[in-house]
Amino acid sequence: MSLFQRWTAGPRIKDARKRLADEPSAKNYLALALEHARLGDMDDVRKVCDEALTLHPGHAELQRLFDRARAVQLEARTRKLTKELKDSPRPAVYRDLAQLYFDIGRLERADEIAAEWFNATQDPAAQLMRARARIQRFTQDKRREDGRACIEMLEGVERSMPRDERPLRMHLDLLCALGAWRDARRVVGQLLELFPGDSALEARFRTYNGLADRAPTLEATLREVERTGHFAAQQNAVASGPTSTRSIRPMLQEIAATPTVEAALYERGATALVQGPKGATAERNARAVREIVQKSRTTARRLGLGAPLEVEIEGQFASVFIAPSEHGSAAVWCHQPTVPQALRARVLELVGASVDGPGEEQAS
Amino acid sequence: MNEVLEPLLRVPGVRLAVLSTSDGVPIAWRGELENAEEQGGDALAGLVAGWISSLGPSLGLVSWDLPQRMALKCARGTLVVRRVPTAILLVVLEPGTSADETRVPIEAALSRLQRVARGSRASAAAPAPLLPARNVKGPRAAYADNGTPSSSPELPG
């Protein structure tokens with residue numbers, strides 16, 4: 001940004017601030033944030049958007065600008081750290097860059113940087129970072145091979161950091177999520193050697209001791225997680241049945257009542273609730289959505305993108321928005337070129353609500 | 001095809017852009033993709049073409065044509081696919097980047113693609129430049145590089 005452009009932008013920012021002081025509307029906040037964005041002052045964009053979002057929570061455009069400013073800043077920081085690593089590789093830069101990649105969800109890159117860090121310095125902290133990245137990836141993808149690699153990685157870190165509790169805690173959390181109580185008991189035992197007399201750990205040891213007899217093997221739990229797509233704790237929550245007072249059908253009816261909506265549906269397993277079309281047409285809609293979700297899941301996994309969260313399809317037939325989740329999928333078919341943001345939010349809300357269980361609704 | 005894909009990669013959050021034929025044969029790609037079982041734009045183009053064609057029977061259940069635009073938002077990134085009759089343009093985005101933000105840049109890339117295709121068709125259809133007509137008698141004008149006529153010496157007949 002040239003000095004001249006800054007100079008000419010000054011009065012515009014001043015005007016935008018004045019308008020904002022007169023009327024703190026989302027539009028005026030947005031105008032000020034855009035002026036800062038034109039100058040490339042991402043810090044100021046974030047500050048303005050942050051302040052605006054406290055006054056106007058959920059404003060889509062402000063949120064989008066805030067996210068964009070954050071992404072631009074992270075991108076700039078990544079470039080800076082990558083350059084610094086090239087010029088002067090040292091543990092602090094490796095750690096910062098790996099952490100940054102971890103934070104923005106580029107887990108494979110975080111793993112690679114941590115591997116480079118370990119090769120360069122043999123620092124066990126690098127292995128710990130690799131284990132974190134792999135656990136995160138396993139949590140997202142739930143692939144058996146990833147889970148096994150996590151466990152092996154953590155066992156290696158524990159051997160290289162015998163007096164450090166962090167790898168043991170991570171290992172314990174992972175085993176508890178899997179429901180591998182026998183192995184969890186062993187890890188709690190190792191933690192108790194580090195912290196003898198810790199009452200919380202002793203309580204956990206007793207609990208896992210009671211569960212260990214009937215617990216499946218680690219390999220069996222990994223297989224089960226891959227098969228179902230749920231961790232043991234989540235499966236218990238799903239199996240516990242009607243725990244939510246919120247129900248799916250009224251929300252579906254509300255979505256289907258929107259004039260541009262042709263169909264709204266929610267599916268879990270082999271059952272589906274459809275609002276809009278009737279009879280065989282409803283059945284065909286449900287089947288189409290189920291198949292699209294299945295195929296999209298396979299493609300996303302093969303592309304290494306993790307679990308699918310949203311699928312948008314637009315064509316001659318108008319537009320469809322599907323929100324797949326571990327517990328079920330919600331979809332809306334809309335007679336518009338794109339599904340409006342408000343409808344998408346409601347479909348996502350539907351999936352979020354269904355995590356607690358579909359309540360007393362019976363899928364038909 | 002650089003001029004088609006390069007501007008897309010300058011959009012913040014775009015990690016990879018691939019242009020392929022409608023059956024998944026890659027034409028060009030820029031950027032890189034992490035995490036994939038099969039790395040590279042060629043494998044990606046094949047996978048996405050397979051995905052699109054596999055959706056055909058499912059969409060056929062409700063009498064829908066193959067879609068023109070698809071976006072698959074996942075935990076570790078977003079795949080945006082724009083299909084035109086002869087080509088597929090696909091873009092992989094960083095996590096957190098909205099697919100809607102790439103709508104305009106992708107359409108612009110498609111316009112550039114059509115321009116490039118039109119240009120190549122026009123140059124293929126244009127007649128071959130005439131060879132110097134050494135046997136033609138009489139004065140005539142030769143055109144300089146800047147397009148202005150310049151006098152030309154009489155060639156021997």
# chains A, B, ... in the order shown; residues from 1 in each chain; ligands from 1
>>> interface_residues(of="chain A", to="chain B", cutoff="7 Å", atoms="only C-alpha atoms", output="PyMOL selection string")
chain A and resi 72+105-106+108+140+284-285+288+291-292+295+299+302-317
>>> residues_around(residues="region 115-118 of chain B", least_positions_apart="6", cutoff="10 Å", atoms="only C-alpha atoms", output="ChimeraX atom specification")
/B:1,3-4,109,124
>>> residues_around(residues="Gln275 (chain A)", least_positions_apart="4", cutoff="12 Å", atoms="only C-alpha atoms", output="PyMOL selection string")
chain A and resi 248-258+261-267+279+281-283+285-286+330-333+363-364
>>> select_by_dssp(residues="region 3-244 of chain A", states="alpha helix (DSSP H)", output="ChimeraX atom specification")
/A:3-22,26-39,42-55,60-87,91-103,107-121,124-141,144-160,165-178,181-194,199-212,218-228,232-239
>>> residues_around(residues="Asp23 (chain B)", least_positions_apart="5", cutoff="10 Å", atoms="only C-alpha atoms", output="list in words")
Ala45, Gly46, Val48, Ala49, Gly50, Ile52, Ser53, Thr86, Ala87 and Ile88 of chain B
>>> residues_around(residues="region 335-344 of chain A", least_positions_apart="5", cutoff="6 Å", atoms="only C-alpha atoms", output="number ranges by chain")
A: 260, 318-319
>>> select_by_dssp(residues="region 84-327 of chain A", states="strand (DSSP E)", output="PyMOL selection string")
chain A and resi 261-268+271-275+308-315+318-324
>>> write_last_selection(atoms="C-alpha atoms", output="PDB file, in the first residue's frame")
ATOM      1  CA  VAL A 261     -38.339 -25.114  -0.518  1.00  0.00           C
ATOM      2  CA  GLU A 262     -39.415 -28.220  -2.412  1.00  0.00           C
ATOM      3  CA  ALA A 263     -38.363 -30.821   0.156  1.00  0.00           C
ATOM      4  CA  ALA A 264     -36.707 -31.017   3.548  1.00  0.00           C
ATOM      5  CA  LEU A 265     -35.525 -34.279   4.994  1.00  0.00           C
ATOM      6  CA  TYR A 266     -33.616 -35.851   7.807  1.00  0.00           C
ATOM      7  CA  GLU A 267     -32.081 -39.306   7.742  1.00  0.00           C
ATOM      8  CA  ARG A 268     -30.513 -41.551  10.277  1.00  0.00           C
ATOM      9  CA  THR A 271     -34.891 -44.371   8.281  1.00  0.00           C
ATOM     10  CA  ALA A 272     -35.872 -40.953   7.016  1.00  0.00           C
ATOM     11  CA  LEU A 273     -38.271 -38.136   7.785  1.00  0.00           C
ATOM     12  CA  VAL A 274     -39.361 -36.266   4.658  1.00  0.00           C
ATOM     13  CA  GLN A 275     -41.432 -33.097   4.506  1.00  0.00           C
ATOM     14  CA  PRO A 308     -17.715 -34.194   5.007  1.00  0.00           C
ATOM     15  CA  LEU A 309     -19.613 -31.415   6.762  1.00  0.00           C
ATOM     16  CA  GLU A 310     -21.648 -29.864   3.964  1.00  0.00           C
ATOM     17  CA  VAL A 311     -22.522 -30.827   0.401  1.00  0.00           C
ATOM     18  CA  GLU A 312     -23.929 -28.246  -2.009  1.00  0.00           C
ATOM     19  CA  ILE A 313     -25.252 -29.259  -5.409  1.00  0.00           C
ATOM     20  CA  GLU A 314     -26.530 -26.778  -7.955  1.00  0.00           C
ATOM     21  CA  GLY A 315     -27.932 -27.506 -11.385  1.00  0.00           C
ATOM     22  CA  ALA A 318     -32.186 -25.724  -8.664  1.00  0.00           C
ATOM     23  CA  SER A 319     -30.113 -26.421  -5.568  1.00  0.00           C
ATOM     24  CA  VAL A 320     -29.667 -28.906  -2.773  1.00  0.00           C
ATOM     25  CA  PHE A 321     -27.841 -28.454   0.508  1.00  0.00           C
ATOM     26  CA  ILE A 322     -26.973 -31.515   2.593  1.00  0.00           C
ATOM     27  CA  ALA A 323     -25.449 -31.465   6.052  1.00  0.00           C
ATOM     28  CA  PRO A 324     -24.059 -34.915   6.837  1.00  0.00           C
TER      29      PRO A 324
END
>>> atom_distance(atom1="CA of Ala98 (chain A)", atom2="CA of Arg143 (chain A)")
22.6 Å
>>> residues_around(residues="region 8-18 of chain A", least_positions_apart="6", cutoff="9 Å", atoms="only C-alpha atoms", output="JSON, numbers by chain")
{"A": [28, 29, 31, 32, 35, 36, 38, 39]}
>>> decode(residues="region 259-360 of chain A", atoms="C-alpha atoms", output="PDB file, in the first residue's frame")
ATOM      1  CA  PRO A 259     -42.005 -20.887  -0.128  1.00  0.00           C
ATOM      2  CA  THR A 260     -38.933 -21.763  -2.207  1.00  0.00           C
ATOM      3  CA  VAL A 261     -38.339 -25.114  -0.518  1.00  0.00           C
ATOM      4  CA  GLU A 262     -39.415 -28.220  -2.412  1.00  0.00           C
ATOM      5  CA  ALA A 263     -38.363 -30.821   0.156  1.00  0.00           C
ATOM      6  CA  ALA A 264     -36.707 -31.017   3.548  1.00  0.00           C
ATOM      7  CA  LEU A 265     -35.525 -34.279   4.994  1.00  0.00           C
ATOM      8  CA  TYR A 266     -33.616 -35.851   7.807  1.00  0.00           C
ATOM      9  CA  GLU A 267     -32.081 -39.306   7.742  1.00  0.00           C
ATOM     10  CA  ARG A 268     -30.513 -41.551  10.277  1.00  0.00           C
ATOM     11  CA  GLY A 269     -29.398 -45.011   9.264  1.00  0.00           C
ATOM     12  CA  ALA A 270     -32.058 -46.620   7.125  1.00  0.00           C
ATOM     13  CA  THR A 271     -34.891 -44.371   8.281  1.00  0.00           C
ATOM     14  CA  ALA A 272     -35.872 -40.953   7.016  1.00  0.00           C
ATOM     15  CA  LEU A 273     -38.271 -38.136   7.785  1.00  0.00           C
ATOM     16  CA  VAL A 274     -39.361 -36.266   4.658  1.00  0.00           C
ATOM     17  CA  GLN A 275     -41.432 -33.097   4.506  1.00  0.00           C
ATOM     18  CA  GLY A 276     -42.739 -31.932   1.149  1.00  0.00           C
ATOM     19  CA  PRO A 277     -42.976 -34.820  -1.296  1.00  0.00           C
ATOM     20  CA  LYS A 278     -45.151 -37.799  -0.448  1.00  0.00           C
ATOM     21  CA  GLY A 279     -45.070 -41.547  -0.975  1.00  0.00           C
ATOM     22  CA  ALA A 280     -42.661 -42.961  -3.536  1.00  0.00           C
ATOM     23  CA  THR A 281     -41.290 -39.527  -4.414  1.00  0.00           C
ATOM     24  CA  ALA A 282     -40.348 -38.944  -0.789  1.00  0.00           C
ATOM     25  CA  GLU A 283     -38.711 -42.360  -0.699  1.00  0.00           C
ATOM     26  CA  ARG A 284     -36.705 -41.607  -3.846  1.00  0.00           C
ATOM     27  CA  ASN A 285     -35.583 -38.244  -2.449  1.00  0.00           C
ATOM     28  CA  ALA A 286     -34.392 -39.882   0.736  1.00  0.00           C
ATOM     29  CA  ARG A 287     -32.548 -42.581  -1.165  1.00  0.00           C
ATOM     30  CA  ALA A 288     -30.867 -40.043  -3.435  1.00  0.00           C
ATOM     31  CA  VAL A 289     -29.641 -38.005  -0.473  1.00  0.00           C
ATOM     32  CA  ARG A 290     -28.406 -41.132   1.317  1.00  0.00           C
ATOM     33  CA  GLU A 291     -26.429 -42.234  -1.729  1.00  0.00           C
ATOM     34  CA  ILE A 292     -24.984 -38.755  -2.321  1.00  0.00           C
ATOM     35  CA  VAL A 293     -23.778 -38.653   1.284  1.00  0.00           C
ATOM     36  CA  GLN A 294     -22.210 -42.111   1.033  1.00  0.00           C
ATOM     37  CA  LYS A 295     -20.397 -41.311  -2.212  1.00  0.00           C
ATOM     38  CA  SER A 296     -19.262 -37.936  -0.961  1.00  0.00           C
ATOM     39  CA  ARG A 297     -17.855 -39.547   2.188  1.00  0.00           C
ATOM     40  CA  THR A 298     -15.787 -41.975   0.121  1.00  0.00           C
ATOM     41  CA  THR A 299     -14.518 -39.204  -2.153  1.00  0.00           C
ATOM     42  CA  ALA A 300     -13.639 -36.910   0.759  1.00  0.00           C
ATOM     43  CA  ARG A 301     -11.697 -39.709   2.453  1.00  0.00           C
ATOM     44  CA  ARG A 302      -9.763 -40.518  -0.706  1.00  0.00           C
ATOM     45  CA  LEU A 303      -8.976 -36.857  -1.235  1.00  0.00           C
ATOM     46  CA  GLY A 304      -7.692 -36.641   2.341  1.00  0.00           C
ATOM     47  CA  LEU A 305     -10.172 -33.913   3.231  1.00  0.00           C
ATOM     48  CA  GLY A 306     -11.600 -35.673   6.290  1.00  0.00           C
ATOM     49  CA  ALA A 307     -15.227 -36.048   7.239  1.00  0.00           C
ATOM     50  CA  PRO A 308     -17.715 -34.194   5.007  1.00  0.00           C
ATOM     51  CA  LEU A 309     -19.613 -31.415   6.762  1.00  0.00           C
ATOM     52  CA  GLU A 310     -21.648 -29.864   3.964  1.00  0.00           C
ATOM     53  CA  VAL A 311     -22.522 -30.827   0.401  1.00  0.00           C
ATOM     54  CA  GLU A 312     -23.929 -28.246  -2.009  1.00  0.00           C
ATOM     55  CA  ILE A 313     -25.252 -29.259  -5.409  1.00  0.00           C
ATOM     56  CA  GLU A 314     -26.530 -26.778  -7.955  1.00  0.00           C
ATOM     57  CA  GLY A 315     -27.932 -27.506 -11.385  1.00  0.00           C
ATOM     58  CA  GLN A 316     -30.930 -27.262 -13.678  1.00  0.00           C
ATOM     59  CA  PHE A 317     -33.098 -28.728 -10.934  1.00  0.00           C
ATOM     60  CA  ALA A 318     -32.186 -25.724  -8.664  1.00  0.00           C
ATOM     61  CA  SER A 319     -30.113 -26.421  -5.568  1.00  0.00           C
ATOM     62  CA  VAL A 320     -29.667 -28.906  -2.773  1.00  0.00           C
ATOM     63  CA  PHE A 321     -27.841 -28.454   0.508  1.00  0.00           C
ATOM     64  CA  ILE A 322     -26.973 -31.515   2.593  1.00  0.00           C
ATOM     65  CA  ALA A 323     -25.449 -31.465   6.052  1.00  0.00           C
ATOM     66  CA  PRO A 324     -24.059 -34.915   6.837  1.00  0.00           C
ATOM     67  CA  SER A 325     -23.005 -35.680  10.376  1.00  0.00           C
ATOM     68  CA  GLU A 326     -21.990 -38.734  12.339  1.00  0.00           C
ATOM     69  CA  HIS A 327     -25.495 -39.079  13.707  1.00  0.00           C
ATOM     70  CA  GLY A 328     -27.595 -38.358  10.655  1.00  0.00           C
ATOM     71  CA  SER A 329     -27.966 -36.145   7.630  1.00  0.00           C
ATOM     72  CA  ALA A 330     -30.294 -33.253   6.967  1.00  0.00           C
ATOM     73  CA  ALA A 331     -31.018 -31.874   3.514  1.00  0.00           C
ATOM     74  CA  VAL A 332     -33.050 -29.192   1.823  1.00  0.00           C
ATOM     75  CA  TRP A 333     -34.013 -28.973  -1.843  1.00  0.00           C
ATOM     76  CA  CYS A 334     -34.706 -25.422  -2.879  1.00  0.00           C
ATOM     77  CA  HIS A 335     -36.135 -23.825  -6.059  1.00  0.00           C
ATOM     78  CA  GLN A 336     -33.415 -21.208  -6.248  1.00  0.00           C
ATOM     79  CA  PRO A 337     -30.039 -21.216  -7.992  1.00  0.00           C
ATOM     80  CA  THR A 338     -28.345 -21.428  -4.583  1.00  0.00           C
ATOM     81  CA  VAL A 339     -29.666 -22.354  -1.176  1.00  0.00           C
ATOM     82  CA  PRO A 340     -29.983 -19.144   0.889  1.00  0.00           C
ATOM     83  CA  GLN A 341     -27.686 -18.733   3.871  1.00  0.00           C
ATOM     84  CA  ALA A 342     -30.593 -18.639   6.321  1.00  0.00           C
ATOM     85  CA  LEU A 343     -31.862 -22.026   5.116  1.00  0.00           C
ATOM     86  CA  ARG A 344     -28.402 -23.537   5.343  1.00  0.00           C
ATOM     87  CA  ALA A 345     -28.104 -22.316   8.914  1.00  0.00           C
ATOM     88  CA  ARG A 346     -31.420 -23.977   9.757  1.00  0.00           C
ATOM     89  CA  VAL A 347     -30.362 -27.258   8.178  1.00  0.00           C
ATOM     90  CA  LEU A 348     -27.112 -27.167  10.122  1.00  0.00           C
ATOM     91  CA  GLU A 349     -29.083 -26.372  13.253  1.00  0.00           C
ATOM     92  CA  LEU A 350     -31.212 -29.421  12.546  1.00  0.00           C
ATOM     93  CA  VAL A 351     -28.147 -31.646  12.427  1.00  0.00           C
ATOM     94  CA  GLY A 352     -26.779 -29.978  15.545  1.00  0.00           C
ATOM     95  CA  ALA A 353     -30.058 -30.561  17.340  1.00  0.00           C
ATOM     96  CA  SER A 354     -30.141 -34.164  16.258  1.00  0.00           C
ATOM     97  CA  VAL A 355     -26.790 -34.889  17.946  1.00  0.00           C
ATOM     98  CA  ASP A 356     -28.700 -35.004  21.209  1.00  0.00           C
ATOM     99  CA  GLY A 357     -31.010 -37.603  19.735  1.00  0.00           C
ATOM    100  CA  PRO A 358     -34.150 -37.225  17.667  1.00  0.00           C
ATOM    101  CA  GLY A 359     -36.328 -37.219  20.727  1.00  0.00           C
ATOM    102  CA  GLU A 360     -39.604 -39.028  20.513  1.00  0.00           C
TER     103      GLU A 360
END
